[in-house]
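Enquirer: My structure is in coords06.pdb, and what it holds is PDB, C-alpha atoms:
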```
ATOM      1  CA  MET A 533       0.000   0.000   0.000
ATOM      2  CA  SER A 534       1.402   3.331  -1.074
ATOM      3  CA  SER A 535       1.226   6.693   0.691
ATOM      4  CA  PRO A 536       1.852  10.299  -0.340
ATOM      5  CA  ALA A 537       5.072  10.426   1.697
ATOM      6  CA  VAL A 538       6.428   7.266   0.064
ATOM      7  CA  ASP A 539       5.313   8.568  -3.328
ATOM      8  CA  ARG A 540       7.338  11.731  -2.709
ATOM      9  CA  LEU A 541      10.384   9.637  -1.781
ATOM     10  CA  HIS A 542       9.928   7.577  -4.953
ATOM     11  CA  ALA A 543       9.738  10.813  -6.935
ATOM     12  CA  ALA A 544      12.951  12.044  -5.319
ATOM     13  CA  VAL A 545      14.699   8.833  -6.386
ATOM     14  CA  SER A 546      13.392   9.217  -9.940
ATOM     15  CA  ASP A 547      14.500  12.855 -10.086
ATOM     16  CA  ALA A 548      17.982  12.010  -8.788
ATOM     17  CA  THR A 549      18.319   9.107 -11.199
ATOM     18  CA  ARG A 550      17.472  11.340 -14.161
ATOM     19  CA  ALA A 551      19.752  14.132 -12.987
ATOM     20  CA  PHE A 552      22.773  12.190 -11.749
ATOM     21  CA  GLY A 553      22.500   8.545 -12.792
ATOM     22  CA  ALA A 554      21.396   5.381 -11.045
ATOM     23  CA  GLU A 555      24.517   4.851  -8.918
ATOM     24  CA  ASP A 556      25.523   8.430  -8.141
ATOM     25  CA  PRO A 557      25.949   8.869  -4.368
ATOM     26  CA  ARG A 558      23.141  11.459  -4.392
ATOM     27  CA  THR A 559      20.768   8.959  -5.956
ATOM     28  CA  LEU A 560      21.808   6.343  -3.425
ATOM     29  CA  ASP A 561      21.151   8.852  -0.631
ATOM     30  CA  ALA A 562      17.627   9.298  -1.999
ATOM     31  CA  ARG A 563      17.172   5.520  -2.116
ATOM     32  CA  LEU A 564      18.363   5.240   1.487
ATOM     33  CA  ALA A 565      15.701   7.800   2.464
ATOM     34  CA  LEU A 566      13.123   5.731   0.573
ATOM     35  CA  GLY A 567      14.149   2.578   2.441
ATOM     36  CA  LEU A 568      13.886   4.367   5.776
ATOM     37  CA  GLY A 569      10.493   5.735   4.704
ATOM     38  CA  PHE A 570       9.315   2.187   4.051
ATOM     39  CA  ARG A 571      10.461   1.161   7.525
ATOM     40  CA  GLU A 572       8.827   4.151   9.213
ATOM     41  CA  ARG A 573       5.535   2.979   7.727
ATOM     42  CA  GLU A 574       6.181  -0.621   8.829
ATOM     43  CA  ARG A 575       6.797  -1.878   5.306
ATOM     44  CA  ASP A 576       9.786  -3.839   6.528
ATOM     45  CA  HIS A 577      10.025  -6.269   3.607
ATOM     46  CA  ASP A 578      10.241  -3.335   1.209
ATOM     47  CA  ALA A 579      12.658  -1.546   3.532
ATOM     48  CA  TYR A 580      14.935  -4.569   3.783
ATOM     49  CA  ALA A 581      15.011  -5.074   0.017
ATOM     50  CA  GLU A 582      15.678  -1.396  -0.743
ATOM     51  CA  LEU A 583      18.312  -0.896   1.953
ATOM     52  CA  THR A 584      20.110  -4.110   0.983
ATOM     53  CA  ALA A 585      20.239  -2.898  -2.618
ATOM     54  CA  VAL A 586      21.580   0.481  -1.481
ATOM     55  CA  ALA A 587      24.276  -1.223   0.601
ATOM     56  CA  GLN A 588      25.362  -3.301  -2.393
ATOM     57  CA  ALA A 589      25.417  -0.256  -4.670
ATOM     58  CA  ARG A 590      27.340   1.849  -2.170
ATOM     59  CA  ALA A 591      29.901  -0.933  -1.824
ATOM     60  CA  ARG A 592      30.430  -0.827  -5.592
ATOM     61  CA  VAL A 593      30.522   2.977  -5.853
ATOM     62  CA  LEU A 594      32.119   4.056  -2.574
ATOM     63  CA  GLY A 595      33.892   0.873  -1.539
ATOM     64  CA  PRO A 596      33.015  -1.793   1.035
ATOM     65  CA  ASP A 597      34.744   0.067   3.882
ATOM     66  CA  HIS A 598      33.127   3.466   3.341
ATOM     67  CA  PRO A 599      31.150   4.720   6.377
ATOM     68  CA  ASP A 600      28.082   5.291   4.144
ATOM     69  CA  THR A 601      28.235   1.657   3.044
ATOM     70  CA  PHE A 602      28.314   0.597   6.682
ATOM     71  CA  THR A 603      25.294   2.802   7.392
ATOM     72  CA  ALA A 604      23.228   1.184   4.647
ATOM     73  CA  ARG A 605      24.265  -2.304   5.771
ATOM     74  CA  HIS A 606      23.296  -1.578   9.360
ATOM     75  CA  GLU A 607      19.957  -0.050   8.386
ATOM     76  CA  ALA A 608      19.205  -3.120   6.275
ATOM     77  CA  ALA A 609      20.034  -5.345   9.242
ATOM     78  CA  LEU A 610      17.692  -3.299  11.446
ATOM     79  CA  SER A 611      14.876  -3.803   8.957
ATOM     80  CA  ARG A 612      15.599  -7.527   8.999
ATOM     81  CA  TYR A 613      15.435  -7.371  12.817
ATOM     82  CA  HIS A 614      12.055  -5.632  12.582
ATOM     83  CA  LEU A 615      10.754  -8.587  10.578
ATOM     84  CA  HIS A 616      11.212 -10.536  13.810
ATOM     85  CA  LEU A 617      10.433  -7.852  16.353
ATOM     86  CA  LEU A 618       7.321  -6.196  14.906
ATOM     87  CA  GLN A 619       5.494  -9.030  13.148
ATOM     88  CA  GLU A 620       2.550 -10.960  14.558
ATOM     89  CA  GLU A 621       4.108 -14.063  13.021
ATOM     90  CA  PRO A 622       7.881 -13.460  12.988
ATOM     91  CA  GLU A 623       9.889 -15.058  10.215
ATOM     92  CA  PRO A 624      11.998 -17.858  11.762
ATOM     93  CA  GLU A 625      15.213 -16.805  10.068
ATOM     94  CA  ALA A 626      14.765 -13.050  10.504
ATOM     95  CA  LEU A 627      16.396 -12.722  13.921
ATOM     96  CA  PRO A 628      19.453 -14.957  13.408
ATOM     97  CA  GLU A 629      20.067 -13.389   9.981
ATOM     98  CA  ALA A 630      19.729  -9.859  11.422
ATOM     99  CA  ILE A 631      22.218 -10.759  14.151
ATOM    100  CA  ARG A 632      24.688 -12.146  11.615
ATOM    101  CA  GLN A 633      24.447  -8.960   9.591
ATOM    102  CA  MET A 634      24.788  -6.712  12.659
ATOM    103  CA  GLU A 635      27.789  -8.697  13.873
ATOM    104  CA  ALA A 636      29.475  -8.329  10.491
ATOM    105  CA  VAL A 637      28.945  -4.573  10.158
ATOM    106  CA  THR A 638      29.900  -3.960  13.801
ATOM    107  CA  ALA A 639      33.148  -5.870  13.298
ATOM    108  CA  ASP A 640      33.868  -3.942  10.097
ATOM    109  CA  ARG A 641      33.130  -0.598  11.738
ATOM    110  CA  GLU A 642      35.424  -1.449  14.624
ATOM    111  CA  ARG A 643      38.164  -2.445  12.184
ATOM    112  CA  VAL A 644      37.855   0.707  10.052
ATOM    113  CA  LEU A 645      36.467   3.394  12.371
ATOM    114  CA  GLY A 646      37.582   2.046  15.729
ATOM    115  CA  TRP A 647      35.499   0.953  18.674
ATOM    116  CA  ALA A 648      35.291   4.487  20.132
ATOM    117  CA  HIS A 649      33.264   5.861  17.246
ATOM    118  CA  PRO A 650      29.576   6.891  17.545
ATOM    119  CA  ASP A 651      28.520   4.748  14.568
ATOM    120  CA  THR A 652      30.260   1.673  15.951
ATOM    121  CA  LEU A 653      28.798   2.157  19.416
ATOM    122  CA  ASP A 654      25.247   2.879  18.247
ATOM    123  CA  GLY A 655      25.356  -0.202  16.041
ATOM    124  CA  ALA A 656      26.706  -2.287  18.912
ATOM    125  CA  MET A 657      23.826  -1.117  21.092
ATOM    126  CA  ASN A 658      21.335  -2.437  18.520
ATOM    127  CA  LEU A 659      23.275  -5.682  18.267
ATOM    128  CA  GLY A 660      23.090  -6.053  22.058
ATOM    129  CA  ALA A 661      19.302  -5.625  21.913
ATOM    130  CA  ALA A 662      19.097  -8.292  19.206
ATOM    131  CA  TYR A 663      21.229 -10.643  21.313
ATOM    132  CA  GLY A 664      18.787 -10.093  24.183
ATOM    133  CA  ALA A 665      15.796 -10.829  21.942
ATOM    134  CA  ALA A 666      17.477 -14.093  20.935
ATOM    135  CA  GLY A 667      18.095 -15.057  24.555
ATOM    136  CA  ARG A 668      21.858 -14.715  24.119
ATOM    137  CA  HIS A 669      22.174 -12.769  27.356
ATOM    138  CA  ALA A 670      25.836 -13.503  28.095
ATOM    139  CA  GLU A 671      26.825 -12.093  24.698
ATOM    140  CA  ALA A 672      24.559  -9.095  25.222
ATOM    141  CA  GLU A 673      26.129  -8.348  28.598
ATOM    142  CA  ALA A 674      29.669  -8.779  27.269
ATOM    143  CA  LEU A 675      28.959  -6.377  24.426
ATOM    144  CA  GLU A 676      27.188  -3.826  26.596
ATOM    145  CA  SER A 677      30.101  -3.823  29.053
ATOM    146  CA  ARG A 678      32.234  -2.329  26.263
ATOM    147  CA  ILE A 679      29.792   0.394  25.219
ATOM    148  CA  LEU A 680      30.117   2.727  28.209
ATOM    149  CA  PRO A 681      33.953   2.811  28.064
ATOM    150  CA  GLY A 682      33.611   3.427  24.341
ATOM    151  CA  TRP A 683      31.460   6.506  24.888
ATOM    152  CA  GLU A 684      33.850   7.733  27.576
ATOM    153  CA  ARG A 685      36.624   7.517  24.979
ATOM    154  CA  VAL A 686      34.478   9.323  22.380
ATOM    155  CA  VAL A 687      33.905  12.189  24.805
ATOM    156  CA  ALA A 688      37.596  12.374  25.708
ATOM    157  CA  ASP A 689      38.544  12.417  22.018
ATOM    158  CA  HIS A 690      36.086  15.236  21.293
ATOM    159  CA  GLU A 691      37.266  17.253  24.275
ATOM    160  CA  ARG A 692      40.856  16.923  23.108
ATOM    161  CA  ALA A 693      40.207  17.557  19.405
ATOM    162  CA  LEU A 694      37.425  20.161  19.521
ATOM    163  CA  GLY A 695      37.637  21.546  23.050
ATOM    164  CA  PRO A 696      35.374  21.170  26.077
ATOM    165  CA  ASP A 697      33.044  23.963  24.938
ATOM    166  CA  HIS A 698      32.396  22.804  21.363
ATOM    167  CA  LEU A 699      28.761  22.009  20.531
ATOM    168  CA  GLU A 700      29.616  18.563  19.141
ATOM    169  CA  THR A 701      31.391  17.763  22.409
ATOM    170  CA  GLN A 702      28.168  18.486  24.287
ATOM    171  CA  PHE A 703      26.202  16.124  22.036
ATOM    172  CA  ARG A 704      28.667  13.340  22.873
ATOM    173  CA  ARG A 705      28.626  14.179  26.582
ATOM    174  CA  ARG A 706      24.843  14.025  26.560
ATOM    175  CA  ARG A 707      24.950  10.595  24.937
ATOM    176  CA  LEU A 708      27.409   9.444  27.598
ATOM    177  CA  ALA A 709      25.059  10.750  30.296
ATOM    178  CA  TRP A 710      22.287   8.610  28.804
ATOM    179  CA  GLU A 711      24.528   5.543  28.977
ATOM    180  CA  LEU A 712      25.294   6.284  32.624
ATOM    181  CA  ASP A 713      21.575   6.548  33.320
ATOM    182  CA  CYS A 714      20.957   3.179  31.698
ATOM    183  CA  ARG A 715      23.446   1.615  34.088
ATOM    184  CA  GLY A 716      21.901   3.186  37.182
ATOM    185  CA  ARG A 717      24.756   5.674  37.688
ATOM    186  CA  ARG A 718      22.346   8.560  38.006
ATOM    187  CA  ASP A 719      24.470  10.846  40.172
ATOM    188  CA  GLU A 720      27.278  10.747  37.615
ATOM    189  CA  SER A 721      24.781  11.234  34.813
ATOM    190  CA  LEU A 722      23.250  14.297  36.456
ATOM    191  CA  ALA A 723      26.676  15.805  37.154
ATOM    192  CA  LEU A 724      27.599  15.380  33.486
ATOM    193  CA  ARG A 725      24.287  16.843  32.322
ATOM    194  CA  LEU A 726      24.903  19.886  34.508
ATOM    195  CA  GLU A 727      28.341  20.270  32.943
ATOM    196  CA  VAL A 728      26.721  20.125  29.515
ATOM    197  CA  ARG A 729      24.171  22.764  30.499
ATOM    198  CA  ALA A 730      26.900  25.109  31.758
ATOM    199  CA  ALA A 731      29.003  24.587  28.621
ATOM    200  CA  LEU A 732      25.998  25.270  26.407
ATOM    201  CA  GLY A 733      25.433  28.509  28.291
ATOM    202  CA  ARG A 734      28.995  29.558  27.479
ATOM    203  CA  ILE A 735      28.551  28.594  23.829
ATOM    204  CA  VAL A 736      25.341  30.651  23.628
ATOM    205  CA  ALA A 737      27.061  33.676  25.179
ATOM    206  CA  ASP A 738      29.989  33.405  22.771
ATOM    207  CA  ARG A 739      27.874  32.969  19.645
ATOM    208  CA  THR A 740      25.483  35.743  20.675
ATOM    209  CA  ALA A 741      28.404  38.143  21.060
ATOM    210  CA  ARG A 742      30.007  37.144  17.754
ATOM    211  CA  LEU A 743      27.012  36.349  15.548
ATOM    212  CA  GLY A 744      23.963  37.924  17.165
ATOM    213  CA  PRO A 745      21.038  36.342  19.034
ATOM    214  CA  VAL A 746      19.110  35.025  15.995
ATOM    215  CA  HIS A 747      21.948  33.841  13.770
ATOM    216  CA  PRO A 748      21.215  30.194  12.836
ATOM    217  CA  GLY A 749      24.353  29.035  14.653
ATOM    218  CA  THR A 750      23.316  30.888  17.786
ATOM    219  CA  VAL A 751      19.750  29.623  17.531
ATOM    220  CA  GLU A 752      21.001  26.029  17.346
ATOM    221  CA  ALA A 753      22.961  26.515  20.571
ATOM    222  CA  ARG A 754      20.082  28.343  22.271
ATOM    223  CA  ILE A 755      17.675  25.507  21.503
ATOM    224  CA  GLU A 756      20.102  22.969  22.967
ATOM    225  CA  HIS A 757      20.706  25.177  26.027
ATOM    226  CA  ALA A 758      16.965  25.436  26.714
ATOM    227  CA  LEU A 759      16.566  21.681  26.256
ATOM    228  CA  ALA A 760      19.403  21.074  28.726
ATOM    229  CA  HIS A 761      17.414  22.881  31.403
ATOM    230  CA  GLY A 762      14.483  20.570  30.758
ATOM    231  CA  TRP A 763      16.485  17.375  31.152
ATOM    232  CA  THR A 764      18.243  18.597  34.286
ATOM    233  CA  GLY A 765      14.926  19.209  36.047
ATOM    234  CA  TYR A 766      14.241  22.873  35.289
ATOM    235  CA  PRO A 767      11.335  22.913  32.813
ATOM    236  CA  ASP A 768      10.314  26.443  33.810
ATOM    237  CA  ASP A 769      13.736  27.709  32.741
ATOM    238  CA  GLU A 770      13.464  25.764  29.482
ATOM    239  CA  LEU A 771      10.146  27.507  28.801
ATOM    240  CA  ARG A 772      11.580  30.920  29.716
ATOM    241  CA  LEU A 773      14.560  30.495  27.403
ATOM    242  CA  ASN A 774      12.372  29.375  24.518
ATOM    243  CA  ARG A 775      10.064  32.351  25.060
ATOM    244  CA  GLU A 776      13.101  34.627  24.914
ATOM    245  CA  LEU A 777      14.225  32.966  21.676
ATOM    246  CA  VAL A 778      10.836  33.576  20.052
ATOM    247  CA  ALA A 779      10.720  37.164  21.327
ATOM    248  CA  ASP A 780      14.161  37.894  19.869
ATOM    249  CA  HIS A 781      13.074  36.588  16.467
ATOM    250  CA  GLU A 782       9.957  38.747  16.472
ATOM    251  CA  ARG A 783      11.878  41.826  17.640
ATOM    252  CA  ILE A 784      14.841  41.505  15.275
ATOM    253  CA  LEU A 785      13.428  39.813  12.177
ATOM    254  CA  GLY A 786       9.766  40.699  12.466
ATOM    255  CA  PRO A 787       6.718  38.497  13.136
ATOM    256  CA  SER A 788       6.335  37.302   9.525
ATOM    257  CA  HIS A 789       9.931  36.442   8.703
ATOM    258  CA  PRO A 790      10.301  32.767   7.650
ATOM    259  CA  ARG A 791      12.796  32.099  10.454
ATOM    260  CA  THR A 792      10.454  33.723  12.973
ATOM    261  CA  LEU A 793       7.586  31.520  11.781
ATOM    262  CA  ARG A 794       9.863  28.477  12.141
ATOM    263  CA  ALA A 795      10.790  29.522  15.701
ATOM    264  CA  LEU A 796       7.122  30.049  16.583
ATOM    265  CA  ALA A 797       6.175  26.677  15.109
ATOM    266  CA  GLU A 798       8.917  24.893  17.055
ATOM    267  CA  PHE A 799       7.808  26.628  20.264
ATOM    268  CA  ALA A 800       4.222  25.477  19.691
ATOM    269  CA  ARG A 801       5.355  21.901  19.103
ATOM    270  CA  THR A 802       7.828  21.760  21.988
ATOM    271  CA  HIS A 803       5.381  23.223  24.525
ATOM    272  CA  HIS A 804       2.197  21.733  23.054
ATOM    273  CA  THR A 805       0.732  20.957  26.501
ATOM    274  CA  LEU A 806       0.424  24.675  27.283
ATOM    275  CA  PRO A 807      -2.722  26.562  26.216
ATOM    276  CA  GLU A 808      -0.522  29.340  24.815
ATOM    277  CA  ALA A 809       1.091  26.869  22.423
ATOM    278  CA  GLY A 810      -2.270  25.852  21.000
ATOM    279  CA  ASP A 811      -3.256  29.512  20.675
ATOM    280  CA  LEU A 812       0.020  30.215  18.901
ATOM    281  CA  ALA A 813      -0.406  27.328  16.444
ATOM    282  CA  VAL A 814      -3.932  28.475  15.614
ATOM    283  CA  ARG A 815      -2.707  32.052  15.157
ATOM    284  CA  ILE A 816       0.155  31.297  12.773
ATOM    285  CA  ILE A 817      -1.106  28.377  10.690
ATOM    286  CA  HIS A 818      -2.680  30.644   8.060
ATOM    287  CA  GLU A 819       0.516  32.651   7.627
ATOM    288  CA  VAL A 820       2.689  29.527   7.623
ATOM    289  CA  ALA A 821       0.506  27.947   4.947
ATOM    290  CA  ALA A 822       0.700  31.098   2.838
ATOM    291  CA  ALA A 823       4.509  31.091   3.129
ATOM    292  CA  GLY A 824       4.563  27.673   1.448
ATOM    293  CA  ASP A 825       7.136  26.009   3.704
ATOM    294  CA  GLU A 826       5.715  22.505   4.083
ATOM    295  CA  ASP A 827       8.215  21.552   6.816
ATOM    296  CA  VAL A 828       7.097  24.431   9.039
ATOM    297  CA  LEU A 829       3.440  23.776   8.213
ATOM    298  CA  SER A 830       3.951  20.131   9.215
ATOM    299  CA  THR A 831       5.410  21.298  12.552
ATOM    300  CA  VAL A 832       2.353  23.476  13.182
ATOM    301  CA  ARG A 833      -0.010  20.643  12.264
ATOM    302  CA  ASN A 834       1.815  18.360  14.693
ATOM    303  CA  ALA A 835       1.545  20.989  17.418
ATOM    304  CA  LEU A 836      -2.206  21.178  16.832
ATOM    305  CA  ILE A 837      -2.572  17.393  16.833
ATOM    306  CA  LEU A 838      -0.562  17.086  20.043
ATOM    307  CA  SER A 839      -2.613  19.826  21.695
ATOM    308  CA  LEU A 840      -5.865  17.886  21.264
ATOM    309  CA  GLY A 841      -5.417  16.087  24.551
ATOM    310  CA  ALA A 842      -4.601  19.288  26.408
ATOM    311  CA  THR A 843      -7.395  21.547  25.140
ATOM    312  CA  ASP A 844     -11.153  21.516  24.721
ATOM    313  CA  ARG A 845     -10.929  23.034  21.232
ATOM    314  CA  ARG A 846     -11.079  19.814  19.246
ATOM    315  CA  ASP A 847     -13.568  21.067  16.687
ATOM    316  CA  GLU A 848     -11.514  24.180  15.952
ATOM    317  CA  VAL A 849      -8.272  22.254  15.664
ATOM    318  CA  THR A 850      -9.871  19.549  13.498
ATOM    319  CA  ALA A 851     -11.267  22.205  11.172
ATOM    320  CA  LEU A 852      -7.859  23.849  10.805
ATOM    321  CA  ILE A 853      -6.136  20.571  10.022
ATOM    322  CA  ALA A 854      -8.857  19.771   7.499
ATOM    323  CA  ARG A 855      -8.315  23.188   5.901
ATOM    324  CA  TYR A 856      -4.561  22.643   5.700
ATOM    325  CA  PRO A 857      -4.164  18.884   5.216
ATOM    326  CA  PRO A 858      -0.831  17.191   4.552
ATOM    327  CA  PRO A 859      -0.064  16.636   0.857
ATOM    328  CA  GLY A 860      -2.261  13.827  -0.394
ATOM    329  CA  GLY A 861      -4.212  13.774   2.849
ATOM    330  CA  GLU A 862      -1.629  11.705   4.727
ATOM    331  CA  ASP A 863      -1.564  12.092   8.490
ATOM    332  CA  ASP A 864       1.542  13.779   9.867
ATOM    333  CA  ARG A 865       3.569  11.612  12.194
ATOM    334  CA  CYS A 866       4.584  13.275  15.438
TER
END
```
Could the structure of this file be written out as structure tokens, please?
Expert:
Amino acid sequence: MSSPAVDRLHAAVSDATRAFGAEDPRTLDARLALGLGFRERERDHDAYAELTAVAQARARVLGPDHPDTFTARHEAALSRYHLHLLQEEPEPEALPEAIRQMEAVTADRERVLGWAHPDTLDGAMNLGAAYGAAGRHAEAEALESRILPGWERVVADHERALGPDHLETQFRRRRLAWELDCRGRRDESLALRLEVRAALGRIVADRTARLGPVHPGTVEARIEHALAHGWTGYPDDELRLNRELVADHERILGPSHPRTLRALAEFARTHHTLPEAGDLAVRIIHEVAAAGDEDVLSTVRNALILSLGATDRRDEVTALIARYPPPGGEDDRC
């Protein structure tokens, strides 16, 4: 069964094929997106076939040891795993075959990229979950015991290469904090999250001084800084910082600037449980639709959908979504 979103991904593949050729890396990127689109819509047989074909093509074009080839191989293995995990009647060979494929790509990533690489570690985490699903608990535990030290090494490498106050370093620190949480080391995790929040504050101050408060680079850091307050237990500060971000856009760029509309839409989605977020989404949806940016319009639709459970304005929200439906009438996925 097709869908407008999958049809658009098919069209992107066709356009890339005509423009660049069937095995150009840009065409293969479009095919990877198509395979992931299949999987998002639980068409795992189609996803597995497409992603396997992309992996084979990338191996020919880019080489078997290219990181993009590894990515396609791992995504194909995940789709094979889903044929066990998400089916009412799992295919008998799906899980062992998915594990074999994950083992192979994890070993190749470790050989080429090293163990302390985000791709290697994320893939190993999925392999550990597959081991657990297969009842191979000793192998799962042995693998998982290597993941935390790997992330500690990733963070140390980023701190040394990029500096302790680089934005990418904070992303890696945050991932390490999540690993610590998973292992019950919550005090260490919280301490690291607080370090991340402080570093993000310094990054925001630096970028604001150099680039201005609504430069895209500054906005990226400000969003992460606000989020850091939320996941360290200060949601009121997260809300305050996001309100300030929106206010700066309106003051500096004006209320109808495309970047202001994007900031307003993101605020409505992020804080959809608040009545003001629903009011905001209702207020801007007409202007967003007129601007023609489907990504921002999708964000506003999602904010309205999410607000249904928090408001008593169902009829109004339903009417607005009906007036501005997704292309082809497909429901947005939140």
Enquirer: If you take all atoms listed in the file and a cut-off of 10 Å, which residues of stretch 639-660 of chain A touch stretch 673-697 of chain A, and what are their nearest atom pairs and distances in Å to one decimal, in chain and number order, as a Markdown table?
Expert:
```
| residue | atom | partner | partner_atom | distance |
| --- | --- | --- | --- | --- |
| A:Gly646 | CA | A:Gly682 | CA | 9.6 |
| A:Trp647 | CA | A:Gly682 | CA | 6.5 |
| A:Ala648 | CA | A:Gly682 | CA | 4.7 |
| A:His649 | CA | A:Val686 | CA | 6.3 |
| A:Pro650 | CA | A:Val686 | CA | 7.3 |
| A:Thr652 | CA | A:Gly682 | CA | 9.2 |
| A:Leu653 | CA | A:Ile679 | CA | 6.1 |
| A:Asp654 | CA | A:Ile679 | CA | 8.7 |
| A:Ala656 | CA | A:Leu675 | CA | 7.2 |
| A:Met657 | CA | A:Glu676 | CA | 7.0 |
| A:Leu659 | CA | A:Leu675 | CA | 8.4 |
| A:Gly660 | CA | A:Leu675 | CA | 6.3 |
```
Enquirer: Counting only C-alpha atoms, which of A:Glu621, A:Glu770, A:Asp825, A:Asp600 gets nearest to A:Asp651?
Expert: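 Looking at the shortest contact to A:Asp651, the residue is A:Asp600.
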Enquirer: Name the residues that the PyMOL selection byres ((chain A and resi 617-619) around 12) pulls out of this structure, and write them as a ChimeraX atom specification.
Expert: /A:571-577,610-616,620-628,630,661-662,664-666
Enquirer: Atom CA of A:Val751 and atom CA of A:Glu819 are how many Å apart?
Expert: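 Distance reported for this atom pair: 21.8 Å.
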Enquirer: I need the output of the PyMOL selection byres ((chain A and resi 721) around 9) for this file as a list in words; which residues are they?
Expert: Arg706, Leu708, Ala709, Trp710, Glu711, Leu712, Asp713, Gly716, Arg717, Arg718, Asp719, Glu720, Leu722, Ala723, Leu724, Arg725 and Leu726 of chain A
Enquirer: Take the residues that were just selected and, keeping C-alpha atoms, output them as a compact mmCIF listing (two decimals), keeping the file's coordinate frame.
Expert:
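Now in out-v9.txt:
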```txt
# COMPACT_ATOMS: atom_id res chain seq x y z
CA ARG A 706 24.84 14.02 26.56
CA LEU A 708 27.41 9.44 27.60
CA ALA A 709 25.06 10.75 30.30
CA TRP A 710 22.29 8.61 28.80
CA GLU A 711 24.53 5.54 28.98
CA LEU A 712 25.29 6.28 32.62
CA ASP A 713 21.58 6.55 33.32
CA GLY A 716 21.90 3.19 37.18
CA ARG A 717 24.76 5.67 37.69
CA ARG A 718 22.35 8.56 38.01
CA ASP A 719 24.47 10.85 40.17
CA GLU A 720 27.28 10.75 37.62
CA LEU A 722 23.25 14.30 36.46
CA ALA A 723 26.68 15.80 37.15
CA LEU A 724 27.60 15.38 33.49
CA ARG A 725 24.29 16.84 32.32
CA LEU A 726 24.90 19.89 34.51
```
Enquirer: Assuming the chain letters and numbering stay as they are in my file, what does the PyMOL selection byres ((chain A and resi 598) around 12) actually select? List them as a list in words.
Expert: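 When the PyMOL selection byres ((chain A and resi 598) around 12) is applied, the selected residues are Pro557, Ala587, Gln588, Ala589, Arg590, Ala591, Arg592, Val593, Leu594, Gly595, Pro596, Asp597, Pro599, Asp600, Thr601, Phe602, Thr603, Ala604, Arg605, Val637, Asp640, Arg641, Arg643, Val644 and Leu645 of chain A.
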Enquirer: May I ask which of the residues A:Leu771, A:Ala543, A:Ala731, A:Leu777 is the closest one to A:His747, counting only C-alpha atoms?
Expert: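 When distances to A:His747 are compared using only C-alpha atoms, the smallest one comes from A:Leu777.
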Enquirer: Write out as a PyMOL selection string each polymer residue whose atoms come within 9 Å of A:Leu812, counting all atoms listed in the file; drop sequence neighbours fewer than 6 positions from it.
Expert: chain A and resi 796-797+799-800
Enquirer: Atom CA of A:Gly655 and atom CA of A:Thr638 are how many Å apart?
Expert: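 For atom CA of A:Gly655 relative to atom CA of A:Thr638, the distance reads 6.3 Å.
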Enquirer: Pick the closest to A:Leu564 from A:Ile755, A:Val736, A:Leu785, A:Ala581: which is it, counting all atoms listed in the file?
Expert: A:Ala581
Enquirer: Would you mind reading off the distance between atom CA of A:Arg794 and atom CA of A:Ala821, one decimal, in Å?
Expert: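 A separation of 11.8 Å between them.
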Enquirer: With 9 Å as the threshold, what does the neighbourhood of (12.1, 28.0, 24.0) contain in terms of residues, counting only C-alpha atoms? Coordinates are those of the file; answer as a tab-separated table (two decimals) with C-alpha atoms, in the frame of the given file.
Expert:
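New file point_6.tsv:
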```
chain	number	residue	atom	x	y	z
A	754	ARG	CA	20.08	28.34	22.27
A	755	ILE	CA	17.68	25.51	21.50
A	758	ALA	CA	16.96	25.44	26.71
A	759	LEU	CA	16.57	21.68	26.26
A	769	ASP	CA	13.74	27.71	32.74
A	770	GLU	CA	13.46	25.76	29.48
A	771	LEU	CA	10.15	27.51	28.80
A	772	ARG	CA	11.58	30.92	29.72
A	773	LEU	CA	14.56	30.50	27.40
A	774	ASN	CA	12.37	29.38	24.52
A	775	ARG	CA	10.06	32.35	25.06
A	776	GLU	CA	13.10	34.63	24.91
A	777	LEU	CA	14.22	32.97	21.68
A	778	VAL	CA	10.84	33.58	20.05
A	795	ALA	CA	10.79	29.52	15.70
A	798	GLU	CA	8.92	24.89	17.06
A	799	PHE	CA	7.81	26.63	20.26
A	802	THR	CA	7.83	21.76	21.99
A	803	HIS	CA	5.38	23.22	24.52
```
Enquirer: Pick from A:Ser546, A:Thr764, A:Thr559, A:Asn658: nearest to A:His606, with only C-alpha atoms counted?
Expert: A:Asn658
